[in-house]
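Text of the file upload.txt, holding compact mmCIF, C-alpha atoms and all ligand atoms:
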```txt
# COMPACT_ATOMS: atom_id res chain seq x y z
CA SER A 260 -21.34 75.63 201.32
CA LEU A 261 -19.66 77.47 198.47
CA PRO A 262 -21.49 79.57 195.85
CA ALA A 263 -22.54 77.72 192.67
CA ARG A 264 -21.57 80.60 190.43
CA VAL A 265 -19.03 83.42 190.65
CA THR A 266 -18.57 86.63 188.67
CA VAL A 267 -14.98 87.14 187.57
CA TYR A 268 -14.45 90.88 187.29
CA GLU A 269 -11.55 91.35 184.89
CA VAL A 270 -9.35 94.34 185.68
CA GLY A 271 -6.36 93.52 183.45
CA PRO A 272 -6.71 96.36 180.93
CA ARG A 273 -6.89 98.86 183.82
CA ASP A 274 -5.14 97.56 186.97
CA GLY A 275 -2.97 95.19 184.96
CA LEU A 276 -1.61 97.81 182.59
CA GLN A 277 -1.64 101.02 184.66
CA ASN A 278 1.78 100.25 186.15
CA GLU A 279 3.50 99.28 182.86
CA GLN A 280 6.41 101.59 182.19
CA ALA A 281 6.47 101.34 178.39
CA LEU A 282 3.36 102.77 176.77
CA VAL A 283 1.16 100.02 175.38
CA PRO A 284 -0.40 100.99 172.03
CA THR A 285 -4.12 101.78 172.18
CA ALA A 286 -4.80 99.13 169.53
CA VAL A 287 -3.21 96.46 171.75
CA LYS A 288 -5.39 97.56 174.68
CA ALA A 289 -8.49 97.36 172.47
CA GLU A 290 -7.53 93.89 171.29
CA LEU A 291 -6.96 92.86 174.92
CA CYS A 292 -10.46 94.02 175.89
CA ARG A 293 -12.03 92.26 172.92
CA ARG A 294 -10.18 89.01 173.54
CA LEU A 295 -11.19 89.02 177.21
CA LEU A 296 -14.84 89.60 176.30
CA ASP A 297 -14.61 86.82 173.71
CA ALA A 298 -13.17 84.54 176.41
CA GLY A 299 -16.45 84.88 178.28
CA LEU A 300 -15.41 87.33 180.99
CA PRO A 301 -18.67 88.96 182.04
CA VAL A 302 -17.07 92.26 183.12
CA VAL A 303 -13.95 93.85 181.65
CA GLU A 304 -12.79 97.09 183.27
CA ALA A 305 -11.30 99.05 180.40
CA THR A 306 -9.38 102.07 181.68
CA SER A 307 -9.35 105.09 184.00
CA PHE A 308 -10.33 108.70 183.48
CA VAL A 309 -7.69 109.97 185.89
CA HIS A 310 -5.20 112.77 185.44
CA PRO A 311 -2.84 111.73 182.60
CA ARG A 312 0.14 113.02 184.57
CA TRP A 313 -0.75 110.67 187.42
CA VAL A 314 -1.15 107.57 185.23
CA PRO A 315 0.47 108.22 181.83
CA GLN A 316 -0.24 104.67 180.65
CA LEU A 317 -3.98 105.36 180.65
CA ALA A 318 -3.81 108.82 179.07
CA ASP A 319 -5.41 107.30 175.96
CA ALA A 320 -8.64 106.40 177.80
CA ALA A 321 -10.89 108.38 175.44
CA ASP A 322 -9.12 107.07 172.34
CA LEU A 323 -9.46 103.51 173.61
CA LEU A 324 -13.19 103.83 174.19
CA THR A 325 -13.69 105.47 170.80
CA MET A 326 -11.75 102.66 169.14
CA LEU A 327 -13.71 100.01 171.03
CA THR A 328 -17.02 101.64 170.10
CA ASP A 329 -15.99 101.43 166.44
CA GLN A 330 -15.10 97.76 166.91
CA ILE A 331 -17.81 96.37 169.18
CA GLY A 332 -20.49 99.06 169.16
CA ASP A 333 -22.62 99.62 172.23
CA ARG A 334 -20.92 96.83 174.16
CA ALA A 335 -18.07 99.30 174.70
CA ARG A 336 -20.37 101.43 176.85
CA GLU A 337 -20.87 98.57 179.28
CA LEU A 338 -17.17 98.30 180.17
CA PRO A 339 -16.55 99.90 183.57
CA VAL A 340 -14.06 102.75 183.87
CA LEU A 341 -12.46 104.41 186.89
CA VAL A 342 -13.40 108.01 187.68
CA PRO A 343 -11.93 109.69 190.77
CA ASN A 344 -13.84 112.94 190.52
CA GLU A 345 -16.33 115.01 188.51
CA ARG A 346 -13.77 115.80 185.81
CA GLY A 347 -13.28 112.06 185.26
CA LEU A 348 -17.02 111.49 185.24
CA ASP A 349 -17.52 114.22 182.62
CA ARG A 350 -14.98 112.52 180.38
CA ALA A 351 -16.70 109.15 180.84
CA LEU A 352 -20.17 110.61 180.21
CA GLU A 353 -18.99 112.20 176.97
CA LEU A 354 -18.17 108.71 175.69
CA GLY A 355 -21.44 107.19 176.88
CA CYS A 356 -19.99 104.95 179.61
CA ARG A 357 -22.68 103.20 181.68
CA HIS A 358 -20.55 101.84 184.54
CA VAL A 359 -18.07 103.87 186.55
CA ALA A 360 -16.02 103.12 189.64
CA ILE A 361 -14.71 105.49 192.26
CA PHE A 362 -11.73 104.42 194.31
CA GLY A 363 -11.38 105.34 197.95
CA SER A 364 -8.74 104.60 200.53
CA ALA A 365 -9.13 103.03 203.97
CA THR A 366 -6.03 104.87 205.16
CA GLU A 367 -4.99 108.48 205.48
CA THR A 368 -1.57 108.06 203.86
CA PHE A 369 -2.83 106.30 200.76
CA ALA A 370 -5.68 108.79 200.32
CA GLN A 371 -3.00 111.49 200.19
CA ARG A 372 -0.71 109.58 197.86
CA ASN A 373 -3.30 108.21 195.45
CA LEU A 374 -5.90 110.99 195.42
CA ASN A 375 -4.10 114.05 196.78
CA ARG A 376 -6.85 114.26 199.41
CA SER A 377 -7.16 113.49 203.11
CA LEU A 378 -9.27 110.51 204.18
CA ASP A 379 -12.22 112.83 204.85
CA GLU A 380 -11.65 115.00 201.80
CA GLN A 381 -11.97 111.98 199.50
CA PHE A 382 -15.69 111.71 200.32
CA ALA A 383 -16.24 115.35 199.41
CA MET A 384 -14.69 114.57 196.02
CA PHE A 385 -16.79 111.43 195.55
CA GLU A 386 -20.14 112.82 196.72
CA PRO A 387 -21.01 114.96 193.66
CA THR A 388 -19.34 112.39 191.39
CA VAL A 389 -21.59 109.58 192.57
CA ARG A 390 -24.70 111.76 192.75
CA ARG A 391 -24.31 112.98 189.18
CA ALA A 392 -23.46 109.49 187.91
CA ARG A 393 -26.55 108.05 189.56
CA ASP A 394 -28.72 110.91 188.26
CA ALA A 395 -27.47 110.03 184.76
CA GLY A 396 -28.55 106.43 185.33
CA LEU A 397 -25.05 105.00 185.70
CA ASP A 398 -24.04 102.16 187.96
CA VAL A 399 -21.30 103.08 190.45
CA ARG A 400 -18.87 100.63 191.97
CA ALA A 401 -16.60 101.75 194.81
CA TYR A 402 -13.17 100.37 195.52
CA VAL A 403 -11.61 100.54 198.95
CA SER A 404 -7.83 100.28 198.91
CA MET A 405 -5.58 99.19 201.76
CA CYS A 406 -8.25 97.07 203.47
CA PHE A 407 -5.67 94.80 205.11
CA GLY A 408 -2.30 96.49 205.37
CA ASP A 409 -0.80 99.76 204.25
CA PRO A 410 2.91 100.13 203.42
CA TRP A 411 3.18 103.32 205.50
CA GLU A 412 0.69 102.63 208.30
CA GLY A 413 0.99 98.87 208.78
CA GLU A 414 -1.99 96.70 209.61
CA VAL A 415 -5.26 98.54 209.00
CA PRO A 416 -7.92 98.31 211.74
CA ILE A 417 -11.02 96.45 210.57
CA ASP A 418 -13.37 99.09 212.03
CA GLN A 419 -11.68 101.74 209.93
CA VAL A 420 -12.29 99.72 206.75
CA VAL A 421 -15.93 99.07 207.62
CA ASP A 422 -16.43 102.77 208.33
CA VAL A 423 -15.01 103.81 204.94
CA GLY A 424 -17.09 101.11 203.25
CA ARG A 425 -20.27 102.30 204.92
CA ARG A 426 -19.61 105.89 203.85
CA LEU A 427 -19.14 104.77 200.22
CA PHE A 428 -22.39 102.76 200.28
CA ASP A 429 -24.14 105.78 201.81
CA LEU A 430 -23.01 107.87 198.83
CA GLY A 431 -24.83 105.45 196.52
CA ALA A 432 -22.32 102.82 195.42
CA SER A 433 -23.97 99.58 194.34
CA GLN A 434 -20.97 97.38 195.06
CA LEU A 435 -17.90 97.67 197.22
CA SER A 436 -14.65 96.04 196.09
CA LEU A 437 -12.41 95.41 199.10
CA GLY A 438 -8.82 95.76 197.97
CA ASP A 439 -5.74 94.10 199.38
CA THR A 440 -3.67 96.58 197.42
CA ILE A 441 -0.28 95.26 198.55
CA GLY A 442 -1.26 91.62 199.01
CA VAL A 443 -0.41 91.26 202.70
CA GLY A 444 -3.77 89.84 203.78
CA THR A 445 -4.20 86.26 204.93
CA ALA A 446 -7.26 84.00 205.08
CA GLY A 447 -8.01 84.60 208.76
CA HIS A 448 -7.96 88.34 208.21
CA VAL A 449 -10.37 87.96 205.27
CA THR A 450 -12.78 85.97 207.43
CA ALA A 451 -12.60 88.57 210.22
CA LEU A 452 -13.07 91.51 207.83
CA LEU A 453 -16.08 89.93 206.10
CA GLY A 454 -17.54 89.01 209.49
CA ALA A 455 -17.28 92.66 210.53
CA PHE A 456 -19.00 93.86 207.34
CA THR A 457 -21.82 91.37 207.88
CA ALA A 458 -22.16 92.35 211.54
CA ALA A 459 -22.42 95.99 210.43
CA GLY A 460 -25.35 95.09 208.16
CA LEU A 461 -23.22 95.44 205.01
CA GLY A 462 -23.72 91.90 203.79
CA VAL A 463 -21.72 89.94 201.26
CA ASP A 464 -24.32 90.41 198.49
CA HIS A 465 -22.85 93.79 197.61
CA LEU A 466 -19.19 93.00 198.23
CA ALA A 467 -16.42 92.00 195.85
CA MET A 468 -12.85 91.03 196.74
CA HIS A 469 -9.80 92.49 195.02
CA PHE A 470 -6.65 90.58 195.85
CA HIS A 471 -3.11 91.30 194.81
CA ASP A 472 -0.83 88.28 194.98
CA THR A 473 2.36 89.84 196.36
CA TYR A 474 2.70 87.24 199.14
CA GLY A 475 1.11 84.35 197.21
CA GLN A 476 -2.00 84.45 199.42
CA ALA A 477 -4.62 85.52 196.88
CA LEU A 478 -6.13 82.09 196.23
CA ALA A 479 -6.24 81.15 199.90
CA ASN A 480 -7.86 84.50 200.58
CA THR A 481 -10.36 83.87 197.78
CA TYR A 482 -11.27 80.55 199.33
CA ALA A 483 -11.90 82.22 202.68
CA ALA A 484 -14.13 84.80 200.98
CA LEU A 485 -16.01 82.07 199.07
CA ARG A 486 -16.77 80.40 202.38
CA ALA A 487 -18.10 83.72 203.63
CA GLY A 488 -20.40 83.89 200.59
CA VAL A 489 -18.77 86.56 198.39
CA THR A 490 -19.56 85.92 194.71
CA THR A 491 -17.56 88.60 192.83
CA TYR A 492 -13.77 88.47 192.47
CA ASP A 493 -11.50 90.91 190.69
CA ALA A 494 -8.61 89.43 188.74
CA SER A 495 -6.18 90.40 186.03
CA ALA A 496 -5.35 88.27 183.01
CA GLY A 497 -1.86 86.84 183.36
CA GLY A 498 -1.50 88.33 186.86
CA LEU A 499 -0.31 91.70 185.65
CA GLY A 500 -0.73 94.78 187.71
CA GLY A 501 -0.06 96.92 190.69
CA CYS A 502 -0.77 100.42 191.78
CA PRO A 503 1.86 103.01 190.86
CA TYR A 504 1.10 104.92 194.07
CA ALA A 505 1.36 101.94 196.42
CA HIS A 506 4.91 101.08 197.37
CA SER A 507 5.39 97.26 197.20
CA ALA A 508 2.19 96.55 195.24
CA THR A 509 2.64 93.80 192.66
CA GLY A 510 0.37 91.88 190.35
CA ASN A 511 -3.29 91.14 190.81
CA LEU A 512 -4.57 87.66 191.37
CA ALA A 513 -4.25 86.13 187.88
CA THR A 514 -7.59 85.47 186.17
CA GLU A 515 -6.28 82.07 185.09
CA ASP A 516 -5.28 81.04 188.63
CA LEU A 517 -8.70 82.12 189.91
CA VAL A 518 -10.64 80.34 187.16
CA TRP A 519 -8.59 77.16 187.57
CA MET A 520 -9.45 77.01 191.27
CA LEU A 521 -13.11 77.93 190.80
CA HIS A 522 -13.67 75.34 188.08
CA GLY A 523 -11.87 72.79 190.23
CA LEU A 524 -14.37 73.53 192.98
CA GLY A 525 -17.23 73.02 190.53
CA ILE A 526 -18.08 76.72 190.58
CA GLU A 527 -19.37 78.13 187.29
CA THR A 528 -17.83 81.25 185.78
CA GLY A 529 -18.71 81.13 182.09
CA VAL A 530 -15.03 81.80 181.37
CA ASP A 531 -13.10 79.85 178.73
CA LEU A 532 -9.80 79.23 180.55
CA ASP A 533 -7.84 78.28 177.43
CA ALA A 534 -8.92 81.48 175.70
CA VAL A 535 -7.71 83.59 178.65
CA VAL A 536 -4.38 81.71 178.71
CA ALA A 537 -3.95 82.33 174.98
CA THR A 538 -4.70 86.02 175.55
CA SER A 539 -2.15 86.33 178.36
CA THR A 540 0.45 84.48 176.30
CA TRP A 541 -0.15 86.91 173.42
CA LEU A 542 0.00 89.89 175.81
CA ALA A 543 3.25 88.64 177.36
CA GLY A 544 4.70 88.72 173.85
CA GLU A 545 3.52 92.29 173.39
CA LEU A 546 4.99 93.35 176.75
CA GLY A 547 8.20 91.41 176.21
CA ARG A 548 8.14 89.44 179.44
CA PRO A 549 6.50 86.22 180.67
CA SER A 550 3.32 86.19 182.72
CA PRO A 551 3.83 85.68 186.47
CA SER A 552 0.78 83.38 186.60
CA ALA A 553 1.49 79.76 187.51
CA VAL A 554 -1.48 78.55 185.46
CA VAL A 555 -0.41 80.53 182.39
CA ARG A 556 3.07 79.00 182.71
CA ALA A 557 1.60 75.50 183.06
CA LEU A 558 -0.90 75.75 180.22
CA GLY A 559 0.66 78.41 178.02
CA GLY A 560 3.10 76.20 176.19
CA THR A 561 5.67 78.96 175.80
P1 LIG B 1 -5.26 116.86 191.89
O1 LIG B 1 -3.97 117.33 191.35
O2 LIG B 1 -5.56 117.11 193.33
O3 LIG B 1 -6.45 117.44 190.97
O4 LIG B 1 -5.38 115.31 191.56
P2 LIG B 1 -7.23 118.79 191.06
O5 LIG B 1 -8.66 118.47 191.33
O6 LIG B 1 -6.53 119.75 191.97
O7 LIG B 1 -7.08 119.33 189.54
C1 LIG B 1 -5.81 119.69 189.01
C2 LIG B 1 -5.85 119.65 187.49
O8 LIG B 1 -6.05 118.30 187.06
C3 LIG B 1 -6.95 120.46 186.85
O9 LIG B 1 -6.45 120.94 185.61
C4 LIG B 1 -8.02 119.43 186.57
O10 LIG B 1 -8.86 119.78 185.49
C5 LIG B 1 -7.19 118.23 186.21
P3 LIG B 1 -5.97 122.48 185.44
O11 LIG B 1 -7.19 123.31 185.81
O12 LIG B 1 -4.85 122.64 186.44
O13 LIG B 1 -5.55 122.52 184.01
N1 LIG B 1 -7.92 116.99 186.48
C6 LIG B 1 -8.13 115.99 185.62
N2 LIG B 1 -7.77 115.81 184.32
C7 LIG B 1 -8.19 114.68 183.73
N3 LIG B 1 -8.93 113.72 184.34
C8 LIG B 1 -9.30 113.87 185.63
C9 LIG B 1 -8.88 115.05 186.30
N4 LIG B 1 -9.07 115.48 187.55
C10 LIG B 1 -8.48 116.66 187.65
N5 LIG B 1 -10.05 112.93 186.22
C11 LIG B 1 -6.71 113.33 191.11
C12 LIG B 1 -6.51 114.57 191.99
C13 LIG B 1 -7.73 112.45 191.77
C14 LIG B 1 -7.18 113.80 189.75
C15 LIG B 1 -5.33 112.61 190.97
O14 LIG B 1 -4.85 112.36 192.25
C16 LIG B 1 -5.42 111.34 190.19
O15 LIG B 1 -5.65 111.35 188.99
N6 LIG B 1 -5.25 110.17 190.87
C17 LIG B 1 -5.39 108.88 190.23
C18 LIG B 1 -4.45 107.88 190.83
C19 LIG B 1 -4.70 106.53 190.21
O16 LIG B 1 -5.26 106.42 189.14
N7 LIG B 1 -4.29 105.46 190.91
C20 LIG B 1 -4.47 104.11 190.45
C21 LIG B 1 -5.88 103.63 190.54
S1 LIG B 1 -6.34 103.12 192.19
C22 LIG B 1 -5.78 101.47 192.30
O17 LIG B 1 -5.07 101.01 191.46
C23 LIG B 1 -6.29 100.61 193.44
C24 LIG B 1 -7.36 99.61 193.01
O18 LIG B 1 -6.87 98.73 192.01
C25 LIG B 1 -7.83 98.80 194.21
C26 LIG B 1 -6.67 98.24 195.04
O19 LIG B 1 -5.85 97.46 194.52
O20 LIG B 1 -6.64 98.59 196.21
C27 LIG B 1 -8.59 100.33 192.42
MG MG B 2 -5.66 96.99 192.42
```
Starting from the coordinates I provided, produce the structure as C-alpha cells.
Ligand code: HMG
Ligand code: MG
Amino acid sequence: SLPARVTVYEVGPRDGLQNEQALVPTAVKAELCRRLLDAGLPVVEATSFVHPRWVPQLADAADLLTMLTDQIGDRARELPVLVPNERGLDRALELGCRHVAIFGSATETFAQRNLNRSLDEQFAMFEPTVRRARDAGLDVRAYVSMCFGDPWEGEVPIDQVVDVGRRLFDLGASQLSLGDTIGVGTAGHVTALLGAFTAAGLGVDHLAMHFHDTYGQALANTYAALRAGVTTYDASAGGLGGCPYAHSATGNLATEDLVWMLHGLGIETGVDLDAVVATSTWLAGELGRPSPSAVVRALGGT
C-alpha cells in the first residue's frame, strides 16, 4: 500500500535557481521563499553557503537570510541551507540556521567536479562539518548525487551508492536524499536501489528521493519509491533547476507535477496546488521564460 501522507521538500529557491544565468534579485528570492511557505510547503530549502565563485547565483545567501529574517522572523532559521564544508557551516551558524545539508557524490568524477575532492576526501571535508553542526544542535541532511547514472562514468553500481550512503549516515546525517542528478533513472532501478538500502539495514524511514526530470521519468520513479515506502520527495516549483557542475542535468521534478499525482492518489501533502502554480507563473514572468512543468502549463492560464 502507498503512504497516506508525504513530505514535499521544496528545493526551488536553491536547486531551481542555482543554474540560472542571469542573477535573480535577492528580493525576488525572498518573495519566492515566502510564497512557497504560504502555499503550505512544509520545507523550503533557501540557498547554499558555497563558494560564490562556484555558484555566483547564490552569492547573496547571507543577504537573503537576513532579508527573510526581517520579513518572517524566526521561521527563516528553519529553512534548510546547503553547506559543503566548515566554512559554509560557519556562515550558516552566524545567521542562526537550524537545518543544514551536506552534499556528497556517489562517483569519483562528480566528487572532483562538484566539490574539488576525491570520493574519499569528501568524507574528510564532511566529518568536522557534521560533527560541529550536530554539536550546535542542528539537523543535518545529506544528499547523494549521481545515484543512478553519471555523465562521465555511466551507470553507477548500486553497492557504491549504498556504501556512500552508509558513510554519510555514520557521520551523523538524519536523512539521506538520493539524487538522480541527471534524470537517467527508471522505475526498476529505483526499486532495486531502495531494495539494496533496505537490505543493508538503511531503511526507507530516513530516505528521501531527489529526481530530476531530464528523461521524463521522475513521476514514474516517484511512484516506484512510494511503493517502496519512501515518504519524502524533493521537488522544485515550476520544474526549474539543474546542477551547474553536472553535464546534461536539467530541471527537478516540478512540485506541481508531484503534488498533482500525490493528490490524485489520495496522498496528503498539505500543499495548496493552485498557490504553487500561481507562484511558478509569477516566477516564470520574473525569469522571462515559461515553466517546463506540464501541470503549470495546464493550470497556469498563461
Ligand atoms: P575549494 O576551492 O577546494 O575550496 O572548493 P578550499 O577549501 O580549497 O578553499 C578555497 C577558498 O574558498 C578559501 O578562500 C576558502 O575560505 C573559500 P581563500 O583562503 O583562498 O580566500 N571557501 C569558501 N567561501 C565561501 N563559502 C564556502 C567556502 N569554502 C571555501 N563554503 C568547495 C571546495 C566545496 C568550497 C567548492 O567546490 C564549492 O563551493 N562547491 C559547491 C558546488 C555546488 O554548490 N554545486 C551545486 C550543489 S550540489 C547539487 O546541486 C546536487 C543536488 O541537488 C542533488 C542532486 O541533484 O544530485 C544537491
Ligand atoms: Mg539536484
Taking only residues of chain A that have an atom at most 8 Å from an atom of ligand MG 2 (chain B), what is each one's shortest atom pair and its distance in Å to one decimal, using all atoms listed in the file, in chain and number order, as JSON lines?
```
{"residue": "A:Asp274", "atom": "CA", "partner": "B:MG2", "partner_atom": "MG", "distance": 5.5}
{"residue": "A:Ser404", "atom": "CA", "partner": "B:MG2", "partner_atom": "MG", "distance": 7.6}
{"residue": "A:Gly438", "atom": "CA", "partner": "B:MG2", "partner_atom": "MG", "distance": 6.5}
{"residue": "A:Asp439", "atom": "CA", "partner": "B:MG2", "partner_atom": "MG", "distance": 7.5}
{"residue": "A:Thr440", "atom": "CA", "partner": "B:MG2", "partner_atom": "MG", "distance": 5.4}
{"residue": "A:His469", "atom": "CA", "partner": "B:MG2", "partner_atom": "MG", "distance": 6.6}
{"residue": "A:Phe470", "atom": "CA", "partner": "B:MG2", "partner_atom": "MG", "distance": 7.3}
{"residue": "A:His471", "atom": "CA", "partner": "B:MG2", "partner_atom": "MG", "distance": 6.7}
{"residue": "A:Gly500", "atom": "CA", "partner": "B:MG2", "partner_atom": "MG", "distance": 7.2}
{"residue": "A:Gly501", "atom": "CA", "partner": "B:MG2", "partner_atom": "MG", "distance": 5.9}
{"residue": "A:Cys502", "atom": "CA", "partner": "B:MG2", "partner_atom": "MG", "distance": 6.0}
{"residue": "A:Asn511", "atom": "CA", "partner": "B:MG2", "partner_atom": "MG", "distance": 6.5}
```
Within 8 Å of Arg425 in chain A, counting all atoms listed in the file, which residues qualify if same-chain residues fewer than 4 places away don't, as a PyMOL selection string?
chain A and resi 421+429+461
Leaving out Asp398 in chain A and any residue of its chain fewer than 2 positions from it, which residues lie within 10 Å of it when counting all atoms listed in the file, given as a list in words?
Glu337, Pro339, Cys356, Arg357, His358, Val359, Ala360, Val389, Ala392, Arg393, Asp394, Ala395, Gly396, Arg400, Gly431, Ala432, Ser433 and Gln434 of chain A
So, with only C-alpha atoms as the atoms that count, which of A:Gly355, A:Pro315, A:Pro343, A:Pro410 lies closest to Leu276 in chain A?
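Smallest distance to Leu276 in chain A is found for A:Pro315.
Ranking A:Val283, A:Ala321, A:Val265, A:Leu296 by their shortest atom-to-atom distance to Ala543 in chain A, with only C-alpha atoms included, puts A:Val283 first.
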Find the distance between atom O7 of ligand LIG 1 (chain B) and CA of His310 in chain A and write it in Å to one decimal.
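Answer for the atom O7 of ligand LIG 1 (chain B) to CA of His310 in chain A separation: 8.0 Å.
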Rank A:Thr388, A:Leu427, A:Arg336, A:Met326 by their smallest atom-to-atom distance to Gly363 in chain A, using only C-alpha atoms, and report the top residue only.
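Closest to Gly363 in chain A of all the choices is A:Leu427.
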Of the listed residues A:Thr473, A:Thr450, A:Gln316, A:Asn344, that which approaches ligand LIG 1 (chain B) most closely, counting only C-alpha atoms and all ligand atoms
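Selected residue with least distance to ligand LIG 1 (chain B): A:Asn344.
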Please write as JSON, numbers by chain the list of polymer residues whose atoms come within 10 Å of (-4.5, 85.7, 197.6), counting all atoms listed in the file and keeping to the coordinates of the file.
{"A": [439, 442, 443, 444, 445, 446, 449, 468, 469, 470, 471, 472, 473, 474, 475, 476, 477, 478, 479, 480, 481, 482, 483, 511, 512, 513, 517]}
The residues within 6 Å of (-17.2, 101.5, 201.3), using all atoms listed in the file and the coordinates of the file, should be reported as a short mmCIF file (atom, residue, chain, number, x, y, z; two decimals) with C-alpha atoms, in the coordinates of the input; which are they?
```
data_model
loop_
_atom_site.label_atom_id
_atom_site.label_comp_id
_atom_site.auth_asym_id
_atom_site.auth_seq_id
_atom_site.Cartn_x
_atom_site.Cartn_y
_atom_site.Cartn_z
CA VAL A 423 -15.01 103.81 204.94
CA GLY A 424 -17.09 101.11 203.25
CA ARG A 425 -20.27 102.30 204.92
CA ARG A 426 -19.61 105.89 203.85
CA LEU A 427 -19.14 104.77 200.22
CA PHE A 428 -22.39 102.76 200.28
CA LEU A 435 -17.90 97.67 197.22
#
```
Please provide the set of residues having any atom within 12 Å of Ala534 in chain A, restricted to only C-alpha atoms, with same-chain residues fewer than 5 positions apart removed, written as a PyMOL selection string.
chain A and resi 291+293-300+496-497+514-515+518+529+539-541+555+558-559
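With CA of Arg350 in chain A on one side and CA of Ser307 in chain A on the other, the separation reads 10.0 Å.
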Top pick for closest residue to ligand LIG 1 (chain B), considering A:Phe362, A:Trp411, A:Phe369, A:Phe456 and counting only C-alpha atoms and all ligand atoms
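Among A:Phe362, A:Trp411, A:Phe369, A:Phe456, it is A:Phe362 that comes nearest to ligand LIG 1 (chain B).
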